[in-house]
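Listing of start_16.cif, mmCIF, C-alpha atoms and all ligand atoms
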```cif
data_entry
#
loop_
_atom_site.label_atom_id
_atom_site.label_comp_id
_atom_site.auth_asym_id
_atom_site.auth_seq_id
_atom_site.Cartn_x
_atom_site.Cartn_y
_atom_site.Cartn_z
CA MET A 1 -24.23 29.01 4.13
CA LYS A 2 -21.38 27.29 5.87
CA GLN A 3 -23.74 24.63 7.21
CA ILE A 4 -25.04 23.90 3.74
CA PHE A 5 -21.47 23.57 2.59
CA ILE A 6 -20.69 21.17 5.45
CA LEU A 7 -23.75 19.12 4.65
CA SER A 8 -22.94 18.87 0.97
CA LEU A 9 -19.38 17.98 1.83
CA VAL A 10 -20.56 15.16 4.06
CA VAL A 11 -22.95 13.92 1.38
CA LEU A 12 -20.12 14.06 -1.13
CA ALA A 13 -17.87 12.16 1.24
CA PHE A 14 -20.46 9.40 1.59
CA ALA A 15 -21.14 9.36 -2.13
CA GLY A 16 -17.41 9.07 -2.71
CA CYS A 17 -17.17 5.71 -0.95
CA ARG A 18 -16.56 2.88 -3.35
CA LYS A 19 -18.36 -0.34 -2.49
CA GLU A 20 -17.13 -0.39 1.06
CA GLU A 21 -18.12 0.90 4.46
CA GLY A 22 -16.57 3.97 6.02
CA VAL A 23 -16.37 7.67 5.42
CA ASN A 24 -13.48 9.51 3.84
CA LEU A 25 -13.55 13.26 4.41
CA PHE A 26 -10.47 13.92 2.35
CA THR A 27 -10.60 15.07 -1.23
CA VAL A 28 -8.30 13.40 -3.74
CA SER A 29 -6.18 16.57 -3.83
CA GLN A 30 -5.81 16.34 -0.06
CA ASP A 31 -4.73 12.71 -0.36
CA ILE A 32 -2.01 13.95 -2.70
CA GLU A 33 -0.99 16.88 -0.48
CA PHE A 34 -1.03 14.77 2.67
CA GLY A 35 1.01 12.03 0.98
CA GLU A 36 3.64 14.57 -0.06
CA GLN A 37 3.89 15.87 3.50
CA MET A 38 4.28 12.35 4.84
CA ALA A 39 6.92 11.49 2.24
CA ALA A 40 8.82 14.65 3.23
CA GLU A 41 8.65 13.67 6.94
CA ILE A 42 9.91 10.19 6.09
CA ALA A 43 12.79 11.58 4.02
CA LYS A 44 13.81 13.81 6.96
CA ASP A 45 13.75 11.04 9.56
CA THR A 46 16.88 9.19 8.47
CA VAL A 47 17.14 7.24 11.73
CA GLU A 48 13.68 5.69 11.61
CA TYR A 49 13.61 5.55 7.80
CA PRO A 50 17.15 5.17 6.36
CA LEU A 51 16.25 5.32 2.66
CA LEU A 52 18.40 3.29 0.30
CA SER A 53 20.32 5.62 -2.01
CA GLU A 54 18.85 5.74 -5.51
CA THR A 55 22.20 6.73 -7.02
CA LYS A 56 24.12 3.91 -5.31
CA TYR A 57 21.48 1.25 -5.96
CA PRO A 58 20.03 2.11 -9.37
CA ARG A 59 19.31 -1.54 -10.27
CA VAL A 60 17.21 -2.07 -7.16
CA TYR A 61 15.07 0.93 -8.01
CA ALA A 62 14.93 0.07 -11.72
CA LYS A 63 13.44 -3.33 -10.89
CA LEU A 64 10.84 -1.92 -8.50
CA ASP A 65 9.92 0.84 -10.95
CA SER A 66 9.53 -1.64 -13.80
CA ILE A 67 7.15 -3.87 -11.80
CA ARG A 68 5.19 -0.78 -10.74
CA ASP A 69 4.87 0.32 -14.37
CA VAL A 70 3.61 -3.11 -15.41
CA LEU A 71 0.93 -2.93 -12.69
CA LEU A 72 -0.07 0.63 -13.60
CA ALA A 73 -0.50 -0.51 -17.21
CA SER A 74 -3.27 -2.91 -16.07
CA GLY A 75 -5.78 -0.12 -16.71
CA LEU A 76 -7.38 -0.72 -13.32
CA PHE A 77 -6.07 2.31 -11.43
CA GLU A 78 -8.40 5.22 -10.76
CA TYR A 79 -5.53 7.62 -9.97
CA LYS A 80 -2.82 6.29 -12.27
CA ASP A 81 -1.97 9.76 -13.59
CA ARG A 82 -2.66 11.77 -10.45
CA PHE A 83 -0.82 9.89 -7.70
CA SER A 84 2.96 9.84 -7.37
CA TRP A 85 3.54 6.03 -7.38
CA ASP A 86 7.14 6.43 -6.31
CA VAL A 87 8.61 3.33 -4.69
CA LYS A 88 11.31 3.76 -2.04
CA VAL A 89 13.38 1.25 -0.14
CA ILE A 90 14.11 1.57 3.59
CA ASN A 91 17.39 -0.11 4.45
CA LYS A 92 16.33 -1.98 7.59
CA ASP A 93 15.87 -5.60 8.51
CA VAL A 94 12.11 -5.28 8.99
CA LEU A 95 9.48 -7.49 7.39
CA ASN A 96 7.10 -4.78 6.24
CA ALA A 97 5.89 -2.54 3.43
CA PHE A 98 3.44 0.35 3.47
CA ALA A 99 1.83 3.08 1.37
CA THR A 100 0.95 6.71 2.16
CA PRO A 101 -2.10 8.43 0.72
CA GLY A 102 -1.36 9.67 -2.79
CA GLY A 103 0.70 6.58 -3.65
CA HIS A 104 4.14 6.79 -2.03
CA ILE A 105 5.14 3.17 -1.50
CA TYR A 106 7.86 1.91 0.89
CA PHE A 107 9.52 -1.49 1.08
CA TYR A 108 11.98 -2.54 3.79
CA THR A 109 15.07 -4.44 2.63
CA GLY A 110 14.18 -7.13 5.22
CA LEU A 111 11.00 -7.88 3.33
CA LEU A 112 12.66 -7.78 -0.10
CA LYS A 113 15.18 -10.39 1.11
CA PHE A 114 12.44 -12.56 2.62
CA MET A 115 10.73 -13.01 -0.75
CA ASP A 116 11.78 -15.68 -3.27
CA ASN A 117 10.29 -14.58 -6.55
CA GLU A 118 9.12 -11.58 -8.50
CA ALA A 119 5.46 -12.62 -8.42
CA GLU A 120 5.49 -12.29 -4.62
CA LEU A 121 6.97 -8.83 -4.90
CA ALA A 122 4.45 -7.84 -7.59
CA GLY A 123 1.63 -9.21 -5.40
CA ILE A 124 2.64 -7.18 -2.36
CA LEU A 125 3.37 -4.09 -4.43
CA GLY A 126 -0.08 -4.44 -6.00
CA HIS A 127 -1.63 -4.80 -2.55
CA GLU A 128 0.01 -1.59 -1.28
CA MET A 129 -0.82 0.30 -4.48
CA ALA A 130 -4.44 -0.80 -4.09
CA HIS A 131 -4.58 0.64 -0.54
CA ALA A 132 -3.48 3.99 -2.00
CA ASP A 133 -5.66 3.92 -5.11
CA LEU A 134 -8.74 2.88 -3.08
CA ARG A 135 -7.83 5.67 -0.61
CA HIS A 136 -7.89 3.39 2.42
CA SER A 137 -5.33 5.46 4.40
CA THR A 138 -7.33 8.67 4.52
CA LYS A 139 -10.47 6.70 5.29
CA GLN A 140 -8.65 5.13 8.24
CA LEU A 141 -7.41 8.56 9.31
CA THR A 142 -10.94 9.91 9.33
CA LYS A 143 -11.77 7.04 11.67
CA ALA A 144 -8.63 7.30 13.81
CA TYR A 145 -8.65 11.06 14.34
CA GLY A 146 -12.39 11.46 14.52
CA PHE A 147 -14.93 12.85 12.16
CA SER A 148 -15.12 16.34 13.70
CA LEU A 149 -11.37 16.97 13.84
CA MET A 150 -10.99 15.82 10.26
CA LEU A 151 -13.97 17.93 9.23
CA SER A 152 -12.44 21.05 10.78
CA ILE A 153 -9.13 20.37 9.09
CA VAL A 154 -10.74 19.73 5.74
CA LEU A 155 -13.13 22.70 5.98
CA GLY A 156 -10.61 25.14 7.37
CA ASN A 157 -7.99 23.86 5.02
CA ASP A 158 -6.02 23.66 8.23
CA SER A 159 -2.68 22.69 6.78
CA ALA A 160 -0.91 23.20 10.14
CA SER A 161 -2.99 20.44 11.74
CA LEU A 162 -2.59 18.30 8.67
CA ALA A 163 1.18 18.76 8.82
CA GLY A 164 1.08 17.86 12.54
CA ILE A 165 -0.76 14.65 11.81
CA ALA A 166 1.60 13.90 8.93
CA LYS A 167 4.53 14.29 11.31
CA ASN A 168 2.89 12.14 13.95
CA LEU A 169 2.03 9.49 11.48
CA ALA A 170 5.46 9.40 9.92
CA SER A 171 6.68 7.85 13.17
CA GLY A 172 3.90 5.29 13.32
CA LEU A 173 2.93 5.11 9.70
CA ALA A 174 3.73 1.49 9.19
CA SER A 175 1.37 0.66 12.05
CA LEU A 176 -1.73 2.31 10.59
CA LYS A 177 -4.12 -0.60 10.70
CA PHE A 178 -6.69 -1.15 7.99
CA SER A 179 -10.02 -2.88 8.45
CA ARG A 180 -10.34 -6.49 7.45
CA ASP A 181 -12.56 -5.45 4.54
CA ASP A 182 -9.87 -3.08 3.28
CA GLU A 183 -7.28 -5.85 3.48
CA TYR A 184 -9.48 -8.25 1.53
CA MET A 185 -10.20 -5.52 -1.01
CA ALA A 186 -6.48 -4.73 -1.45
CA ASP A 187 -5.78 -8.47 -1.94
CA GLU A 188 -8.55 -8.69 -4.54
CA TYR A 189 -7.20 -5.75 -6.51
CA SER A 190 -3.68 -7.16 -6.32
CA VAL A 191 -4.95 -10.38 -7.95
CA LYS A 192 -6.88 -8.40 -10.59
CA TYR A 193 -3.84 -6.27 -11.49
CA LEU A 194 -1.59 -9.32 -11.74
CA CYS A 195 -4.10 -11.15 -13.94
CA LYS A 196 -3.36 -8.45 -16.54
CA THR A 197 0.38 -9.15 -16.40
CA SER A 198 2.66 -12.16 -16.91
CA TYR A 199 3.07 -12.58 -13.14
CA ASP A 200 1.51 -15.43 -11.17
CA PRO A 201 -1.60 -13.64 -9.76
CA LYS A 202 -1.46 -15.74 -6.60
CA GLY A 203 2.00 -14.50 -5.69
CA ILE A 204 0.55 -12.92 -2.59
CA THR A 205 -0.80 -16.23 -1.18
CA VAL A 206 2.59 -17.92 -1.42
CA PHE A 207 3.90 -14.97 0.51
CA PHE A 208 1.16 -15.13 3.18
CA GLN A 209 1.74 -18.83 3.73
CA LYS A 210 5.48 -18.27 4.13
CA MET A 211 4.83 -15.49 6.63
CA ILE A 212 2.46 -17.65 8.65
CA ASP A 213 5.02 -20.47 8.69
CA ALA A 214 7.82 -18.11 9.72
CA GLN A 215 5.73 -16.61 12.50
CA ASN A 216 4.81 -20.06 13.77
CA SER A 217 8.52 -20.79 14.07
CA GLY A 218 9.09 -17.66 16.15
CA THR A 219 10.07 -14.91 13.68
CA THR A 220 8.58 -11.45 14.29
CA ILE A 221 6.67 -10.41 11.19
CA THR A 222 5.77 -6.72 11.40
CA PHE A 223 3.67 -6.98 8.24
CA LEU A 224 1.33 -9.39 10.02
CA SER A 225 0.52 -6.91 12.80
CA THR A 226 -1.13 -4.65 10.24
CA HIS A 227 -1.97 -7.29 7.63
CA PRO A 228 -3.27 -10.34 9.52
CA ALA A 229 -2.93 -13.36 7.27
CA ASP A 230 -4.91 -16.53 7.78
CA ALA A 231 -6.50 -19.39 5.84
CA ASP A 232 -9.63 -17.27 5.13
CA ARG A 233 -7.57 -14.60 3.49
CA ILE A 234 -5.76 -17.12 1.33
CA ALA A 235 -9.12 -18.69 0.38
CA ASN A 236 -10.42 -15.24 -0.59
CA VAL A 237 -7.49 -14.75 -2.98
CA GLU A 238 -8.15 -18.19 -4.45
CA LYS A 239 -11.80 -17.24 -5.04
CA VAL A 240 -10.95 -13.93 -6.73
CA TRP A 241 -8.36 -15.70 -8.86
CA LYS A 242 -10.98 -18.18 -10.12
CA GLU A 243 -13.46 -15.36 -10.79
CA ASN A 244 -10.83 -13.67 -12.92
CA GLY A 245 -10.15 -16.60 -15.19
CA SER A 246 -7.66 -18.70 -13.16
CA VAL A 247 -4.78 -17.08 -15.02
CA ILE A 248 -1.48 -19.00 -14.69
CA GLY A 249 1.51 -16.67 -14.58
CA ASN A 250 5.25 -16.84 -14.03
CA LYS A 251 7.13 -16.57 -10.77
CA TYR A 252 10.49 -15.38 -12.18
CA GLU A 253 12.60 -16.99 -9.48
CA SER A 254 16.03 -16.71 -11.10
CA GLN A 255 15.42 -13.05 -12.00
CA TYR A 256 14.49 -12.37 -8.41
CA ALA A 257 17.55 -14.18 -7.06
CA ALA A 258 19.69 -11.91 -9.28
CA PHE A 259 17.80 -8.87 -7.97
CA LYS A 260 18.48 -9.83 -4.36
CA THR A 261 22.24 -9.85 -4.96
CA LYS A 262 21.97 -6.11 -5.77
CA LEU A 263 20.59 -5.32 -2.31
CA PRO A 264 22.98 -4.11 0.41
ZN ZN B 301 -2.76 -4.17 3.60
#
```

Rewrite the coordinates I just gave you, this time as structure tokens.
Amino acid sequence: MKQIFILSLVVLAFAGCRKEEGVNLFTVSQDIEFGEQMAAEIAKDTVEYPLLSETKYPRVYAKLDSIRDVLLASGLFEYKDRFSWDVKVINKDVLNAFATPGGHIYFYTGLLKFMDNEAELAGILGHEMAHADLRHSTKQLTKAYGFSLMLSIVLGNDSASLAGIAKNLASGLASLKFSRDDEYMADEYSVKYLCKTSYDPKGITVFFQKMIDAQNSGTTITFLSTHPADADRIANVEKVWKENGSVIGNKYESQYAAFKTKLP
């Protein structure tokens, strides 16, 4: 009986893959549970993740929340109503952003200051939200921790092991590397979301080019260690943009400049 259950679970896991390669043994509920555990670990680790106070910086959070809401209204999210979609800011001079399973999104102040307009921010936010909505993190975890370990955790509902992994990952979360296909897919979805808004859908390419330029002049870009940017990736965004009607949007530079003055 148990074997039949395992088999059907594996079949379900394969059937659950959208378009792309790779197996995800997690259920959507486990994505949510796991994401909550990771968010709790992050909140506890105030040295590694000094979260910017929501009560002291309400305008920073209001801006991020409003862009998130605009993206969620695109109608393109599978888990719009099930995932948390909370956006938090880590007060550190690091050029990175990341998402946990279940849609907890984190931006470093270093990255927010590096950007020059709201379309860039919307593009990166869309990219991270796509990783969560397409469930790339738990797919990567299945790969990183091995099929059999994940299977035993999932089958046994082994929340102790899951909590252990959540704790482990909280320290190296930002370094969870996605496959190239997942990166391209997250870029594509970012463009598709932004095409449904008033933002320039190619905000993310402007950002990639700036990152490449900065790295070439010697700046350490953490984002690039997990999100390698190159000419191919920019060309892919260009292609998706044309396929989606070559929508011209706004960059909102002055609004973004005002936003940056609210950061610590
Ligand atoms: Zn990515």

Quiz prompt | Residue nearest ligand ZN 301 (chain B) - candidates A:Asn236, A:Thr46, A:Gln30, A:Ser179, atoms counted: all atoms listed in the file | solution =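 The answer is A:Ser179, which sits nearest to ligand ZN 301 (chain B).
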
Quiz item: Rounded to one decimal in Å, what is the spacing between CA of Glu188 in chain A and CA of Glu118 in chain A?
Solution: 18.3 Å

Quiz prompt | Near-ligand residues for ligand ZN 301 (chain B), threshold 8 Å, all atoms listed in the file, as a ChimeraX atom specification | solution = /A:98,127-128,131,178,182-183,186-187,226-227

Quiz prompt | Counting all atoms listed in the file, the option among A:Phe223, A:Phe26, A:Trp241, A:Phe207 closest to Glu120 in chain A | solution = A:Phe207

Report as JSON lines the residues of range 47-155 of chain A within 12 Å of range 216-220 of chain A, each with its shortest atom pair and distance in Å (one decimal), using only C-alpha atoms, ordered by chain and increasing residue number.
```
{"residue": "A:Asp93", "atom": "CA", "partner": "A:Thr220", "partner_atom": "CA", "distance": 11.0}
{"residue": "A:Val94", "atom": "CA", "partner": "A:Thr220", "partner_atom": "CA", "distance": 8.9}
{"residue": "A:Leu95", "atom": "CA", "partner": "A:Thr220", "partner_atom": "CA", "distance": 8.0}
{"residue": "A:Asn96", "atom": "CA", "partner": "A:Thr220", "partner_atom": "CA", "distance": 10.6}
{"residue": "A:Gly110", "atom": "CA", "partner": "A:Thr220", "partner_atom": "CA", "distance": 11.5}
{"residue": "A:Leu111", "atom": "CA", "partner": "A:Thr220", "partner_atom": "CA", "distance": 11.8}
{"residue": "A:Phe114", "atom": "CA", "partner": "A:Thr219", "partner_atom": "CA", "distance": 11.6}
```

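Note that CA of Lys262 in chain A and CA of Thr109 in chain A are 11.0 Å apart.
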
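Note that CA of Lys92 in chain A and CA of Gln255 in chain A are 22.5 Å apart.
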
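Taking all atoms listed in the file into account, Ala132 in chain A lies nearest to A:Ile105 out of the set A:Met115, A:Ile105, A:Val247, A:Val237.
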
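Once Ser29 in chain A and its same-chain neighbours fewer than 3 positions away are set aside, Phe26, Ile32, Glu33, Phe34, Gly35, Arg82, Phe83 and Gly102 of chain A remain within 10 Å of it when counting only C-alpha atoms.
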
Practice problem: Excluding Tyr57 in chain A and residues on its chain fewer than 5 positions from it, collect all residues at most 12 Å away from it, counting all atoms listed in the file, and give them as a list of chain:residue names. | Solution: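 In the requested format, the answer is A:Leu51, A:Leu52, A:Ala62, A:Lys63, A:Leu64, A:Lys88, A:Val89, A:Asn91, A:Phe259, A:Lys260, A:Thr261, A:Lys262, A:Leu263, A:Pro264.
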
If you keep C-alpha atoms, can you produce a file of those selected residues as a PDB file, in the frame of the given file?
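out.pdb was written with the following content:
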```pdb
ATOM      1  CA  LEU A  51      16.250   5.320   2.660  1.00  0.00           C
ATOM      2  CA  LEU A  52      18.400   3.290   0.300  1.00  0.00           C
ATOM      3  CA  ALA A  62      14.930   0.070 -11.720  1.00  0.00           C
ATOM      4  CA  LYS A  63      13.440  -3.330 -10.890  1.00  0.00           C
ATOM      5  CA  LEU A  64      10.840  -1.920  -8.500  1.00  0.00           C
ATOM      6  CA  LYS A  88      11.310   3.760  -2.040  1.00  0.00           C
ATOM      7  CA  VAL A  89      13.380   1.250  -0.140  1.00  0.00           C
ATOM      8  CA  ASN A  91      17.390  -0.110   4.450  1.00  0.00           C
ATOM      9  CA  PHE A 259      17.800  -8.870  -7.970  1.00  0.00           C
ATOM     10  CA  LYS A 260      18.480  -9.830  -4.360  1.00  0.00           C
ATOM     11  CA  THR A 261      22.240  -9.850  -4.960  1.00  0.00           C
ATOM     12  CA  LYS A 262      21.970  -6.110  -5.770  1.00  0.00           C
ATOM     13  CA  LEU A 263      20.590  -5.320  -2.310  1.00  0.00           C
ATOM     14  CA  PRO A 264      22.980  -4.110   0.410  1.00  0.00           C
TER      15      PRO A 264
END
```

Quiz prompt | Nearest residue to Leu76 in chain A from the set A:Ile90, A:Ala231, A:Ala214, A:Leu134 (distances using all atoms listed in the file) | solution =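 Among the listed residues, the smallest separation from Leu76 in chain A belongs to A:Leu134.
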
Once you count all atoms listed in the file, what closest atom pair and distance in Å to one decimal does each residue of range 45-150 of chain A within 7 Å of range 189-196 of chain A have, with rows by chain and rising residue number, as CSV?
```
residue,atom,partner,partner_atom,distance
A:Leu71,CA,A:Tyr193,CA,5.9
A:Ser74,CA,A:Lys196,CA,5.6
A:Leu76,CA,A:Tyr193,CA,6.8
A:Gly123,CA,A:Ser190,CA,5.8
A:Gly126,CA,A:Ser190,CA,4.5
A:His127,CA,A:Ser190,CA,4.9
A:Ala130,CA,A:Tyr189,CA,6.2
```

Output for the residues just chosen: C-alpha atoms as a PDB file, keeping the file's coordinate frame:
```
ATOM      1  CA  LEU A  71       0.930  -2.930 -12.690  1.00  0.00           C
ATOM      2  CA  SER A  74      -3.270  -2.910 -16.070  1.00  0.00           C
ATOM      3  CA  LEU A  76      -7.380  -0.720 -13.320  1.00  0.00           C
ATOM      4  CA  GLY A 123       1.630  -9.210  -5.400  1.00  0.00           C
ATOM      5  CA  GLY A 126      -0.080  -4.440  -6.000  1.00  0.00           C
ATOM      6  CA  HIS A 127      -1.630  -4.800  -2.550  1.00  0.00           C
ATOM      7  CA  ALA A 130      -4.440  -0.800  -4.090  1.00  0.00           C
TER       8      ALA A 130
END
```
